[in-house]
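K.L.:
Sharing a structure with you now.
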Amino acid sequence: MSLGLLALISVAGLLGPLLALPRRWGLPVILGELLAGVALGPTGAGVLHTDEPAFAFLANVGFALVMFVAGSHVPIREPAMRTALPVGAFRAGLVAVAAVPVAFVIARGFGTGHVALYVVLLASSSAALILPIVNAAGLGGPAVLALLPQVALADALCIMALPLAIDPGRAGRSAVGAGILVGCSVLLYFGLRLVERRGWRKRLHRLSERRKFALELRINLALLFGLAAIAQAARVSVMLAGFGFGLAVAAVGEPRRLAKQLFAVTEGFIGPVFFVWLGASLDVRALGARPALIGLGVALGIGAAVTHFAPLATGQPIPLAGLAAAQVGVPVAAATLGSEERLLAPGEPAALVLGALVTMAVATVAASRAARATTAPNT
């Protein structure tokens, strides 16, 4: 790893915003970053090597921060979350139940045996992806409010269930490690709430803003990395550390200045490094050598959309059901864990990411239809 190579990775990360620039395409930023990693990794030019210690370490830091930002975007404090929680929880449960037979058919049809993993993937939603889509499309109303707790619960529960599902043989150890991290996250929540109620954070904020110290960012990064260190000691993924701490911050209320700073650090530098690393780790050649893996990715994406149509029986509009199927965090985490721990066959991580891209395409179309349905009565 060198500064020149880091500069190359940073330039490669610009492909994400460039592809996402045309709004009519509706492409996610991470797509370009993943493609850049594929092009520079062993599948392409062979410049980037994911087993290089410094590169892998930076990617691990990026993974923790990406999951932290995803957790902090879960709208725990929204009043609509409390009023719509029963309906949202019921719909999330319906999706989880519907995911079981679909996952069984996919695992049996493609001979992978990953039924539990596919259940988690199919039942998941991505709050970090869906909420910006909702805001950008100007969606509102009771049906959208009921969507928020459904997405938040599915996102949080599937993230926590993923380590158990991807490696059932170590489920006991993973459960203990996850329990430790959940306990630490709860303690952090109460600590952050105490600091907020005593007014200590506001005083710290004013001092930091006046003296340009960026103390909130420094302290939160220290807490995040400390929690990630506990995760490593407990032999579980830093994914849980990042997401758990993000939920704790979201429950207390993330200061706007801190949110902007974390956005800059994550989206401007360390996040693209992680996604370029992930792209370089994907064995895309295996997709060409085994076309069935392409079918697996498409089946997972379509299966997720079909699974999320289960709440239509409760009156959820079709466009919002398609929007709820959008995934990014859980499939990316599964691909990362599968690559790091060699829990998946060559090409399978790429198939999981392909499935996530299919759900993003479904969500983009669904959001467009939902926006037209919202504006139609007013035109």
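Residues are referred to by chain and number: the chain letter is A, B, ... according to the order shown in the structure tokens, the number counts from 1 in that chain, and ligands are numbered separately from 1 in the order shown.
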How close does each residue of range 88-155 of chain A get to range 63-82 of chain A, giving the shortest atom pair and distance in Å to one decimal for every residue with an atom at most 7 Å away, counting only C-alpha atoms, sorted by chain and residue number, as a tab-separated table?
P.N.:
```
residue	atom	partner	partner_atom	distance
A:Ala127	CA	A:Val74	CA	5.8
A:Ala128	CA	A:Ala70	CA	5.0
A:Leu145	CA	A:Ala80	CA	5.9
A:Leu148	CA	A:Met81	CA	6.5
A:Pro149	CA	A:Met81	CA	5.3
A:Ala152	CA	A:Val74	CA	5.7
```
K.L.:
Skip range 27-32 of chain A itself and residues of its chain fewer than 2 positions away, then list as a list in words all residues within 8 Å of it, counting only C-alpha atoms.
P.N.:
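So the residues in contact are Gly13, Leu14, Leu15, Gly16, Pro17, Leu18, Leu19, Ala20, Arg23, Trp25, Leu34, Leu35, Ala36, Pro272, Phe275, Leu357, Met360 and Ala361 of chain A.
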K.L.:
Keeping only all heavy atoms, write those residues as a compact mmCIF listing (two decimals), in the first residue's frame.
P.N.:
```txt
# COMPACT_ATOMS: atom_id res chain seq x y z
N GLY A 13 -12.94 5.91 -6.77
CA GLY A 13 -14.19 6.14 -6.06
C GLY A 13 -15.05 7.21 -6.68
O GLY A 13 -16.27 7.26 -6.44
N LEU A 14 -14.45 8.08 -7.51
CA LEU A 14 -15.22 9.13 -8.18
C LEU A 14 -16.18 8.57 -9.22
O LEU A 14 -17.11 9.26 -9.65
CB LEU A 14 -14.28 10.14 -8.85
CG LEU A 14 -13.43 11.00 -7.91
CD1 LEU A 14 -12.42 11.83 -8.70
CD2 LEU A 14 -14.32 11.91 -7.08
N LEU A 15 -15.94 7.32 -9.64
CA LEU A 15 -16.84 6.72 -10.62
C LEU A 15 -18.26 6.59 -10.07
O LEU A 15 -19.23 6.63 -10.83
CB LEU A 15 -16.31 5.34 -11.04
CG LEU A 15 -17.08 4.62 -12.16
CD1 LEU A 15 -17.09 5.45 -13.44
CD2 LEU A 15 -16.47 3.25 -12.43
N GLY A 16 -18.37 6.44 -8.75
CA GLY A 16 -19.69 6.34 -8.14
C GLY A 16 -20.54 7.56 -8.38
O GLY A 16 -21.64 7.47 -8.97
N PRO A 17 -20.09 8.77 -7.97
CA PRO A 17 -20.87 9.97 -8.24
C PRO A 17 -21.07 10.25 -9.73
O PRO A 17 -22.12 10.77 -10.12
CB PRO A 17 -20.03 11.08 -7.58
CG PRO A 17 -19.23 10.38 -6.53
CD PRO A 17 -18.93 9.03 -7.09
N LEU A 18 -20.07 9.90 -10.56
CA LEU A 18 -20.22 10.16 -11.99
C LEU A 18 -21.36 9.35 -12.59
O LEU A 18 -22.16 9.86 -13.39
CB LEU A 18 -18.90 9.83 -12.72
CG LEU A 18 -17.76 10.82 -12.51
CD1 LEU A 18 -16.49 10.33 -13.19
CD2 LEU A 18 -18.13 12.21 -13.04
N LEU A 19 -21.47 8.07 -12.20
CA LEU A 19 -22.56 7.25 -12.72
C LEU A 19 -23.90 7.65 -12.12
O LEU A 19 -24.95 7.50 -12.77
CB LEU A 19 -22.29 5.77 -12.42
CG LEU A 19 -21.21 5.07 -13.27
CD1 LEU A 19 -21.10 3.60 -12.88
CD2 LEU A 19 -21.50 5.20 -14.75
N ALA A 20 -23.88 8.13 -10.87
CA ALA A 20 -25.12 8.51 -10.20
C ALA A 20 -25.59 9.91 -10.59
O ALA A 20 -26.70 10.31 -10.23
CB ALA A 20 -24.94 8.44 -8.68
N ARG A 23 -29.91 11.90 -13.07
CA ARG A 23 -31.02 11.50 -12.20
C ARG A 23 -31.97 10.52 -12.88
O ARG A 23 -32.59 9.69 -12.22
CB ARG A 23 -31.81 12.75 -11.76
CG ARG A 23 -31.03 13.65 -10.80
CD ARG A 23 -31.90 14.82 -10.35
NE ARG A 23 -31.20 15.68 -9.41
CZ ARG A 23 -31.18 15.48 -8.10
NH1 ARG A 23 -31.82 14.45 -7.59
NH2 ARG A 23 -30.52 16.30 -7.31
N TRP A 25 -31.30 8.02 -14.60
CA TRP A 25 -30.84 6.64 -14.50
C TRP A 25 -31.17 6.04 -13.14
O TRP A 25 -31.40 4.84 -13.02
CB TRP A 25 -29.34 6.56 -14.74
CG TRP A 25 -28.93 6.88 -16.14
CD1 TRP A 25 -29.76 7.16 -17.20
CD2 TRP A 25 -27.60 6.97 -16.64
NE1 TRP A 25 -29.02 7.42 -18.32
CE2 TRP A 25 -27.68 7.31 -18.02
CE3 TRP A 25 -26.34 6.81 -16.08
CZ2 TRP A 25 -26.56 7.48 -18.81
CZ3 TRP A 25 -25.21 6.97 -16.86
CH2 TRP A 25 -25.33 7.30 -18.22
N LEU A 34 -18.17 -0.01 -6.74
CA LEU A 34 -17.98 -1.46 -6.88
C LEU A 34 -17.37 -1.80 -8.24
O LEU A 34 -16.45 -2.63 -8.33
CB LEU A 34 -19.31 -2.18 -6.71
CG LEU A 34 -19.91 -2.20 -5.30
CD1 LEU A 34 -21.34 -2.75 -5.34
CD2 LEU A 34 -19.06 -3.03 -4.35
N LEU A 35 -17.88 -1.16 -9.30
CA LEU A 35 -17.36 -1.42 -10.64
C LEU A 35 -15.90 -1.01 -10.76
O LEU A 35 -15.10 -1.70 -11.41
CB LEU A 35 -18.20 -0.68 -11.69
CG LEU A 35 -19.63 -1.19 -11.90
CD1 LEU A 35 -20.36 -0.30 -12.91
CD2 LEU A 35 -19.62 -2.63 -12.38
N ALA A 36 -15.53 0.10 -10.11
CA ALA A 36 -14.14 0.53 -10.13
C ALA A 36 -13.25 -0.50 -9.44
O ALA A 36 -12.15 -0.81 -9.90
CB ALA A 36 -14.00 1.89 -9.43
N PRO A 272 -15.93 5.11 0.16
CA PRO A 272 -15.49 4.68 -1.17
C PRO A 272 -14.33 3.68 -1.13
O PRO A 272 -14.29 2.76 -1.94
CB PRO A 272 -15.06 5.99 -1.84
CG PRO A 272 -15.90 7.02 -1.18
CD PRO A 272 -16.05 6.58 0.24
N PHE A 275 -15.95 0.30 -0.48
CA PHE A 275 -16.69 -0.26 -1.60
C PHE A 275 -15.77 -0.61 -2.77
O PHE A 275 -16.04 -1.58 -3.49
CB PHE A 275 -17.79 0.70 -2.03
CG PHE A 275 -18.96 0.71 -1.10
CD1 PHE A 275 -19.26 1.85 -0.35
CD2 PHE A 275 -19.75 -0.41 -0.93
CE1 PHE A 275 -20.33 1.86 0.53
CE2 PHE A 275 -20.83 -0.41 -0.05
CZ PHE A 275 -21.11 0.72 0.69
N LEU A 357 -28.49 -5.03 -6.26
CA LEU A 357 -28.67 -4.06 -7.35
C LEU A 357 -30.03 -4.23 -8.02
O LEU A 357 -30.66 -3.25 -8.43
CB LEU A 357 -27.55 -4.23 -8.38
CG LEU A 357 -26.14 -3.91 -7.88
CD1 LEU A 357 -25.11 -4.18 -8.97
CD2 LEU A 357 -26.03 -2.46 -7.42
N MET A 360 -32.49 -2.48 -5.89
CA MET A 360 -32.38 -1.03 -6.05
C MET A 360 -33.12 -0.58 -7.30
O MET A 360 -33.78 0.48 -7.31
CB MET A 360 -30.91 -0.62 -6.14
CG MET A 360 -30.12 -0.82 -4.86
SD MET A 360 -28.39 -0.34 -5.07
CE MET A 360 -27.65 -1.08 -3.62
N ALA A 361 -33.02 -1.36 -8.37
CA ALA A 361 -33.74 -1.02 -9.60
C ALA A 361 -35.25 -1.08 -9.36
O ALA A 361 -36.00 -0.20 -9.80
CB ALA A 361 -33.34 -1.98 -10.72
```
K.L.:
Which of these residues is nearest to His114 in chain A, using only C-alpha atoms: A:Leu131, A:Ala165, A:Cys158, A:Ala233?
P.N.:
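With only C-alpha atoms as the atom set, the closest residue is A:Ala165.
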K.L.:
Restricting the calculation to only C-alpha atoms: of A:Ala241, A:Ala305, A:Gly347, A:Val358, which residue gets closest to Ala286 in chain A?
P.N.:
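Among the listed residues, the smallest separation from Ala286 in chain A belongs to A:Gly347.
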K.L.:
With only C-alpha atoms as the counted atoms, please give the residues lying no more than 8 Å from Ala92 in chain A, apart from itself and same-chain residues fewer than 2 positions off, as a PyMOL selection string.
P.N.:
chain A and resi 88-90+94-96+123+150-151+153-154
K.L.:
Just write the chosen residues, N, CA, C and O atoms, as a compact mmCIF listing (two decimals), in the first residue's frame.
P.N.:
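Output saved as result_8.txt:
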```
# COMPACT_ATOMS: atom_id res chain seq x y z
N GLY A 88 -46.25 -1.56 11.27
CA GLY A 88 -44.94 -1.82 10.66
C GLY A 88 -44.34 -3.13 11.13
O GLY A 88 -43.77 -3.88 10.33
N ALA A 89 -44.45 -3.42 12.43
CA ALA A 89 -43.90 -4.67 12.97
C ALA A 89 -44.64 -5.87 12.37
O ALA A 89 -44.01 -6.89 12.03
N PHE A 90 -45.96 -5.76 12.25
CA PHE A 90 -46.73 -6.86 11.67
C PHE A 90 -46.33 -7.11 10.22
O PHE A 90 -46.17 -8.26 9.79
N LEU A 94 -44.70 -10.38 8.45
CA LEU A 94 -45.26 -11.04 7.28
C LEU A 94 -44.19 -11.28 6.22
O LEU A 94 -44.13 -12.36 5.61
N VAL A 95 -43.35 -10.28 6.00
CA VAL A 95 -42.28 -10.42 5.01
C VAL A 95 -41.32 -11.53 5.44
O VAL A 95 -40.88 -12.35 4.61
N ALA A 96 -40.97 -11.58 6.73
CA ALA A 96 -40.06 -12.61 7.22
C ALA A 96 -40.64 -14.01 7.02
O ALA A 96 -39.93 -14.94 6.61
N ALA A 123 -35.72 -10.91 3.62
CA ALA A 123 -36.57 -10.18 4.57
C ALA A 123 -36.04 -8.79 4.89
O ALA A 123 -36.75 -7.98 5.49
N GLN A 150 -41.57 -0.44 9.57
CA GLN A 150 -41.36 -1.72 8.89
C GLN A 150 -39.92 -1.83 8.39
O GLN A 150 -39.24 -2.84 8.61
N VAL A 151 -39.46 -0.78 7.72
CA VAL A 151 -38.11 -0.77 7.17
C VAL A 151 -37.07 -0.77 8.29
O VAL A 151 -36.08 -1.51 8.25
N LEU A 153 -37.29 -1.80 11.46
CA LEU A 153 -37.22 -3.08 12.18
C LEU A 153 -36.55 -4.15 11.33
O LEU A 153 -35.70 -4.91 11.83
N ALA A 154 -36.93 -4.24 10.06
CA ALA A 154 -36.33 -5.24 9.18
C ALA A 154 -34.83 -5.01 9.06
O ALA A 154 -34.04 -5.97 9.10
```
K.L.:
Write out as a ChimeraX atom specification the residues lying within 9 Å of Pro42 in chain A, counting only C-alpha atoms and excluding same-chain residues fewer than 5 positions away.
P.N.:
/A:47-50,280-283
K.L.:
Output N, CA, C and O atoms for every residue in that selection, as a PDB file, in the first residue's frame.
P.N.:
```pdb
ATOM      1  N   VAL A  47      -4.443  -4.497 -10.174  1.00  0.00           N
ATOM      2  CA  VAL A  47      -3.646  -3.500  -9.447  1.00  0.00           C
ATOM      3  C   VAL A  47      -3.921  -3.565  -7.950  1.00  0.00           C
ATOM      4  O   VAL A  47      -3.018  -3.384  -7.131  1.00  0.00           O
ATOM      5  N   LEU A  48      -5.185  -3.811  -7.587  1.00  0.00           N
ATOM      6  CA  LEU A  48      -5.578  -3.837  -6.177  1.00  0.00           C
ATOM      7  C   LEU A  48      -5.660  -5.277  -5.680  1.00  0.00           C
ATOM      8  O   LEU A  48      -6.203  -6.149  -6.363  1.00  0.00           O
ATOM      9  N   HIS A  49      -5.115  -5.497  -4.477  1.00  0.00           N
ATOM     10  CA  HIS A  49      -5.138  -6.820  -3.869  1.00  0.00           C
ATOM     11  C   HIS A  49      -5.775  -6.699  -2.487  1.00  0.00           C
ATOM     12  O   HIS A  49      -5.252  -6.007  -1.608  1.00  0.00           O
ATOM     13  N   THR A  50      -6.912  -7.344  -2.317  1.00  0.00           N
ATOM     14  CA  THR A  50      -7.692  -7.162  -1.090  1.00  0.00           C
ATOM     15  C   THR A  50      -7.047  -7.793   0.129  1.00  0.00           C
ATOM     16  O   THR A  50      -7.441  -7.488   1.251  1.00  0.00           O
ATOM     17  N   ALA A 280     -13.175  -5.112  -5.538  1.00  0.00           N
ATOM     18  CA  ALA A 280     -11.971  -5.860  -5.890  1.00  0.00           C
ATOM     19  C   ALA A 280     -12.010  -7.281  -5.345  1.00  0.00           C
ATOM     20  O   ALA A 280     -11.377  -8.190  -5.902  1.00  0.00           O
ATOM     21  N   SER A 281     -12.747  -7.491  -4.247  1.00  0.00           N
ATOM     22  CA  SER A 281     -12.822  -8.826  -3.646  1.00  0.00           C
ATOM     23  C   SER A 281     -13.845  -9.729  -4.333  1.00  0.00           C
ATOM     24  O   SER A 281     -13.836 -10.948  -4.116  1.00  0.00           O
ATOM     25  N   LEU A 282     -14.718  -9.142  -5.161  1.00  0.00           N
ATOM     26  CA  LEU A 282     -15.757  -9.927  -5.829  1.00  0.00           C
ATOM     27  C   LEU A 282     -15.166 -10.695  -7.009  1.00  0.00           C
ATOM     28  O   LEU A 282     -14.493 -10.113  -7.862  1.00  0.00           O
ATOM     29  N   ASP A 283     -15.414 -11.964  -7.047  1.00  0.00           N
ATOM     30  CA  ASP A 283     -14.925 -12.821  -8.136  1.00  0.00           C
ATOM     31  C   ASP A 283     -15.930 -12.796  -9.274  1.00  0.00           C
ATOM     32  O   ASP A 283     -16.743 -13.715  -9.429  1.00  0.00           O
TER      33      ASP A 283
END
```
K.L.:
Which residues in range 181-277 of chain A does DSSP call alpha helix (DSSP H)? List them as a ChimeraX atom specification.
P.N.:
/A:181-197,200-211,215-233,238-252,256-265,271-277
K.L.:
Suppose you want the space between CA of Leu117 in chain A and CA of Ala143 in chain A; what is it in Å?
P.N.:
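According to the coordinates, CA of Leu117 in chain A and CA of Ala143 in chain A are separated by 29.4 Å.
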K.L.:
Near Phe274 in chain A, within 8 Å and counting only C-alpha atoms, which residues show up once chain neighbours fewer than 2 positions away are dropped, as a list in words?
P.N.:
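Surrounding residues, per the criterion: Leu58, Ala59, Asn60, Val61, Gly62, Phe63, Ile270, Gly271, Pro272, Val276, Trp277 and Leu278 of chain A.
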K.L.:
Would you list the contacts of Ile159 in chain A as a list of chain:residue names, taking every protein, DNA or RNA residue within 8 Å and counting only C-alpha atoms, but skipping same-chain residues closer than 6 positions in sequence?
P.N.:
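That gives A:Leu240, A:Phe243, A:Gly329, A:Val330.
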K.L.:
Got time to write the residues from that selection, all heavy atoms, as a PDB file, in the first residue's frame?
P.N.:
```
ATOM      1  N   LEU A 240     -21.632  -5.205  13.355  1.00  0.00           N
ATOM      2  CA  LEU A 240     -22.543  -5.068  14.489  1.00  0.00           C
ATOM      3  C   LEU A 240     -22.150  -3.894  15.373  1.00  0.00           C
ATOM      4  O   LEU A 240     -23.011  -3.204  15.920  1.00  0.00           O
ATOM      5  CB  LEU A 240     -22.567  -6.353  15.302  1.00  0.00           C
ATOM      6  CG  LEU A 240     -23.258  -7.553  14.649  1.00  0.00           C
ATOM      7  CD1 LEU A 240     -23.157  -8.777  15.543  1.00  0.00           C
ATOM      8  CD2 LEU A 240     -24.705  -7.245  14.349  1.00  0.00           C
ATOM      9  N   PHE A 243     -23.259  -0.655  13.437  1.00  0.00           N
ATOM     10  CA  PHE A 243     -24.712  -0.495  13.371  1.00  0.00           C
ATOM     11  C   PHE A 243     -25.298  -0.265  14.761  1.00  0.00           C
ATOM     12  O   PHE A 243     -26.194   0.580  14.930  1.00  0.00           O
ATOM     13  CB  PHE A 243     -25.341  -1.733  12.732  1.00  0.00           C
ATOM     14  CG  PHE A 243     -26.769  -1.533  12.308  1.00  0.00           C
ATOM     15  CD1 PHE A 243     -27.077  -0.819  11.159  1.00  0.00           C
ATOM     16  CD2 PHE A 243     -27.807  -2.044  13.061  1.00  0.00           C
ATOM     17  CE1 PHE A 243     -28.391  -0.629  10.768  1.00  0.00           C
ATOM     18  CE2 PHE A 243     -29.124  -1.862  12.684  1.00  0.00           C
ATOM     19  CZ  PHE A 243     -29.421  -1.157  11.531  1.00  0.00           C
ATOM     20  N   GLY A 329     -27.339  -2.681   2.822  1.00  0.00           N
ATOM     21  CA  GLY A 329     -26.489  -2.989   3.961  1.00  0.00           C
ATOM     22  C   GLY A 329     -26.311  -4.467   4.219  1.00  0.00           C
ATOM     23  O   GLY A 329     -25.185  -4.958   4.369  1.00  0.00           O
ATOM     24  N   VAL A 330     -27.420  -5.223   4.242  1.00  0.00           N
ATOM     25  CA  VAL A 330     -27.340  -6.648   4.565  1.00  0.00           C
ATOM     26  C   VAL A 330     -26.634  -7.434   3.462  1.00  0.00           C
ATOM     27  O   VAL A 330     -25.728  -8.225   3.758  1.00  0.00           O
ATOM     28  CB  VAL A 330     -28.744  -7.214   4.857  1.00  0.00           C
ATOM     29  CG1 VAL A 330     -28.688  -8.720   5.070  1.00  0.00           C
ATOM     30  CG2 VAL A 330     -29.327  -6.544   6.096  1.00  0.00           C
TER      31      VAL A 330
END
```
K.L.:
Could you tell me how far CA of Ser368 in chain A lies from CA of Thr83 in chain A, in Å and to one decimal?
P.N.:
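The value is 26.3 Å.
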K.L.:
Just how far from CA of Arg342 in chain A is CA of Ala56 in chain A, in Å to one decimal?
P.N.:
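Computing the Euclidean distance for CA of Ala56 in chain A and CA of Arg342 in chain A yields 14.8 Å.
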K.L.:
Do a neighbour search on range 192-209 of chain A at 10 Å with only C-alpha atoms, toss out local chain neighbours closer than 4 positions, and write the hits as an mmCIF file with all heavy atoms, in the first residue's frame.
P.N.:
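Output (result_21.cif):
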```cif
data_model
loop_
_atom_site.group_PDB
_atom_site.id
_atom_site.type_symbol
_atom_site.label_atom_id
_atom_site.label_comp_id
_atom_site.auth_asym_id
_atom_site.auth_seq_id
_atom_site.Cartn_x
_atom_site.Cartn_y
_atom_site.Cartn_z
ATOM 1 N N VAL A 186 -26.276 -0.622 24.314
ATOM 2 C CA VAL A 186 -27.294 -0.126 25.249
ATOM 3 C C VAL A 186 -26.650 0.773 26.301
ATOM 4 O O VAL A 186 -27.180 1.842 26.644
ATOM 5 C CB VAL A 186 -28.037 -1.304 25.913
ATOM 6 C CG1 VAL A 186 -28.934 -0.802 27.043
ATOM 7 C CG2 VAL A 186 -28.863 -2.055 24.883
ATOM 8 N N LEU A 187 -25.499 0.356 26.819
ATOM 9 C CA LEU A 187 -24.780 1.186 27.801
ATOM 10 C C LEU A 187 -24.381 2.520 27.185
ATOM 11 O O LEU A 187 -24.476 3.574 27.839
ATOM 12 C CB LEU A 187 -23.548 0.452 28.321
ATOM 13 C CG LEU A 187 -23.811 -0.742 29.241
ATOM 14 C CD1 LEU A 187 -22.482 -1.436 29.594
ATOM 15 C CD2 LEU A 187 -24.508 -0.292 30.520
ATOM 16 N N LEU A 188 -23.926 2.486 25.929
ATOM 17 C CA LEU A 188 -23.570 3.731 25.251
ATOM 18 C C LEU A 188 -24.787 4.632 25.084
ATOM 19 O O LEU A 188 -24.688 5.857 25.235
ATOM 20 C CB LEU A 188 -22.953 3.423 23.879
ATOM 21 C CG LEU A 188 -21.480 3.048 23.860
ATOM 22 C CD1 LEU A 188 -21.051 2.626 22.452
ATOM 23 C CD2 LEU A 188 -20.615 4.209 24.339
ATOM 24 N N PHE A 213 -12.409 22.547 17.234
ATOM 25 C CA PHE A 213 -11.758 21.349 17.733
ATOM 26 C C PHE A 213 -12.323 20.045 17.135
ATOM 27 O O PHE A 213 -11.688 19.005 17.224
ATOM 28 C CB PHE A 213 -11.892 21.267 19.258
ATOM 29 C CG PHE A 213 -10.986 22.208 20.006
ATOM 30 C CD1 PHE A 213 -11.272 22.551 21.322
ATOM 31 C CD2 PHE A 213 -9.865 22.751 19.412
ATOM 32 C CE1 PHE A 213 -10.449 23.410 22.037
ATOM 33 C CE2 PHE A 213 -9.036 23.618 20.106
ATOM 34 C CZ PHE A 213 -9.326 23.946 21.427
ATOM 35 N N ALA A 214 -13.556 20.097 16.600
ATOM 36 C CA ALA A 214 -14.221 18.882 16.094
ATOM 37 C C ALA A 214 -14.269 17.791 17.163
ATOM 38 O O ALA A 214 -14.045 16.615 16.893
ATOM 39 C CB ALA A 214 -13.528 18.364 14.837
ATOM 40 N N LEU A 215 -14.574 18.202 18.403
ATOM 41 C CA LEU A 215 -14.543 17.254 19.519
ATOM 42 C C LEU A 215 -15.598 16.168 19.394
ATOM 43 O O LEU A 215 -15.350 15.007 19.748
ATOM 44 C CB LEU A 215 -14.722 18.012 20.837
ATOM 45 C CG LEU A 215 -13.549 18.893 21.278
ATOM 46 C CD1 LEU A 215 -13.906 19.663 22.537
ATOM 47 C CD2 LEU A 215 -12.310 18.040 21.517
ATOM 48 N N GLU A 216 -16.784 16.527 18.911
ATOM 49 C CA GLU A 216 -17.846 15.519 18.790
ATOM 50 C C GLU A 216 -17.443 14.409 17.829
ATOM 51 O O GLU A 216 -17.669 13.219 18.095
ATOM 52 C CB GLU A 216 -19.141 16.179 18.326
ATOM 53 C CG GLU A 216 -19.797 17.065 19.384
ATOM 54 C CD GLU A 216 -20.916 17.903 18.811
ATOM 55 O OE1 GLU A 216 -20.634 18.717 17.920
ATOM 56 O OE2 GLU A 216 -22.065 17.741 19.252
ATOM 57 N N LEU A 217 -16.838 14.799 16.723
ATOM 58 C CA LEU A 217 -16.389 13.794 15.762
ATOM 59 C C LEU A 217 -15.296 12.925 16.375
ATOM 60 O O LEU A 217 -15.326 11.698 16.255
ATOM 61 C CB LEU A 217 -15.878 14.479 14.497
ATOM 62 C CG LEU A 217 -15.312 13.546 13.424
ATOM 63 C CD1 LEU A 217 -16.396 12.607 12.910
ATOM 64 C CD2 LEU A 217 -14.709 14.346 12.268
ATOM 65 N N ALA A 248 -27.711 3.644 18.683
ATOM 66 C CA ALA A 248 -27.656 4.365 19.961
ATOM 67 C C ALA A 248 -27.646 5.874 19.738
ATOM 68 O O ALA A 248 -28.356 6.624 20.419
ATOM 69 C CB ALA A 248 -26.420 3.927 20.749
ATOM 70 N N VAL A 249 -26.845 6.318 18.768
ATOM 71 C CA VAL A 249 -26.785 7.750 18.449
ATOM 72 C C VAL A 249 -28.126 8.231 17.897
ATOM 73 O O VAL A 249 -28.601 9.315 18.239
ATOM 74 C CB VAL A 249 -25.643 8.018 17.449
ATOM 75 C CG1 VAL A 249 -25.707 9.459 16.930
ATOM 76 C CG2 VAL A 249 -24.291 7.764 18.104
ATOM 77 N N ALA A 251 -31.055 7.002 18.551
ATOM 78 C CA ALA A 251 -32.057 7.011 19.622
ATOM 79 C C ALA A 251 -31.943 8.259 20.488
ATOM 80 O O ALA A 251 -32.948 8.787 20.969
ATOM 81 C CB ALA A 251 -31.901 5.762 20.489
ATOM 82 N N VAL A 252 -30.725 8.745 20.682
ATOM 83 C CA VAL A 252 -30.518 9.955 21.476
ATOM 84 C C VAL A 252 -30.784 11.201 20.623
ATOM 85 O O VAL A 252 -31.331 12.196 21.104
ATOM 86 C CB VAL A 252 -29.083 9.995 22.046
ATOM 87 C CG1 VAL A 252 -28.816 11.313 22.772
ATOM 88 C CG2 VAL A 252 -28.879 8.826 23.001
ATOM 89 N N GLY A 253 -30.409 11.115 19.360
ATOM 90 C CA GLY A 253 -30.545 12.263 18.458
ATOM 91 C C GLY A 253 -29.184 12.703 17.987
ATOM 92 O O GLY A 253 -28.382 13.200 18.791
ATOM 93 N N PRO A 255 -26.577 15.084 16.448
ATOM 94 C CA PRO A 255 -26.432 16.510 16.137
ATOM 95 C C PRO A 255 -26.169 16.724 14.648
ATOM 96 O O PRO A 255 -25.458 15.933 14.020
ATOM 97 C CB PRO A 255 -25.220 16.927 16.979
ATOM 98 C CG PRO A 255 -25.117 15.899 18.055
ATOM 99 C CD PRO A 255 -25.597 14.626 17.445
ATOM 100 N N ARG A 257 -24.362 18.907 13.115
ATOM 101 C CA ARG A 257 -22.961 19.142 12.776
ATOM 102 C C ARG A 257 -22.187 17.832 12.729
ATOM 103 O O ARG A 257 -21.370 17.597 11.835
ATOM 104 C CB ARG A 257 -22.337 20.097 13.796
ATOM 105 C CG ARG A 257 -20.923 20.554 13.439
ATOM 106 C CD ARG A 257 -20.556 21.807 14.233
ATOM 107 N NE ARG A 257 -19.227 22.273 13.916
ATOM 108 C CZ ARG A 257 -18.173 22.123 14.701
ATOM 109 N NH1 ARG A 257 -18.308 21.500 15.857
ATOM 110 N NH2 ARG A 257 -16.993 22.591 14.358
ATOM 111 N N LEU A 258 -22.462 16.948 13.704
ATOM 112 C CA LEU A 258 -21.802 15.649 13.722
ATOM 113 C C LEU A 258 -22.216 14.827 12.506
ATOM 114 O O LEU A 258 -21.388 14.143 11.892
ATOM 115 C CB LEU A 258 -22.155 14.899 15.001
ATOM 116 C CG LEU A 258 -21.637 13.460 15.106
ATOM 117 C CD1 LEU A 258 -20.120 13.438 15.085
ATOM 118 C CD2 LEU A 258 -22.173 12.781 16.367
#
```
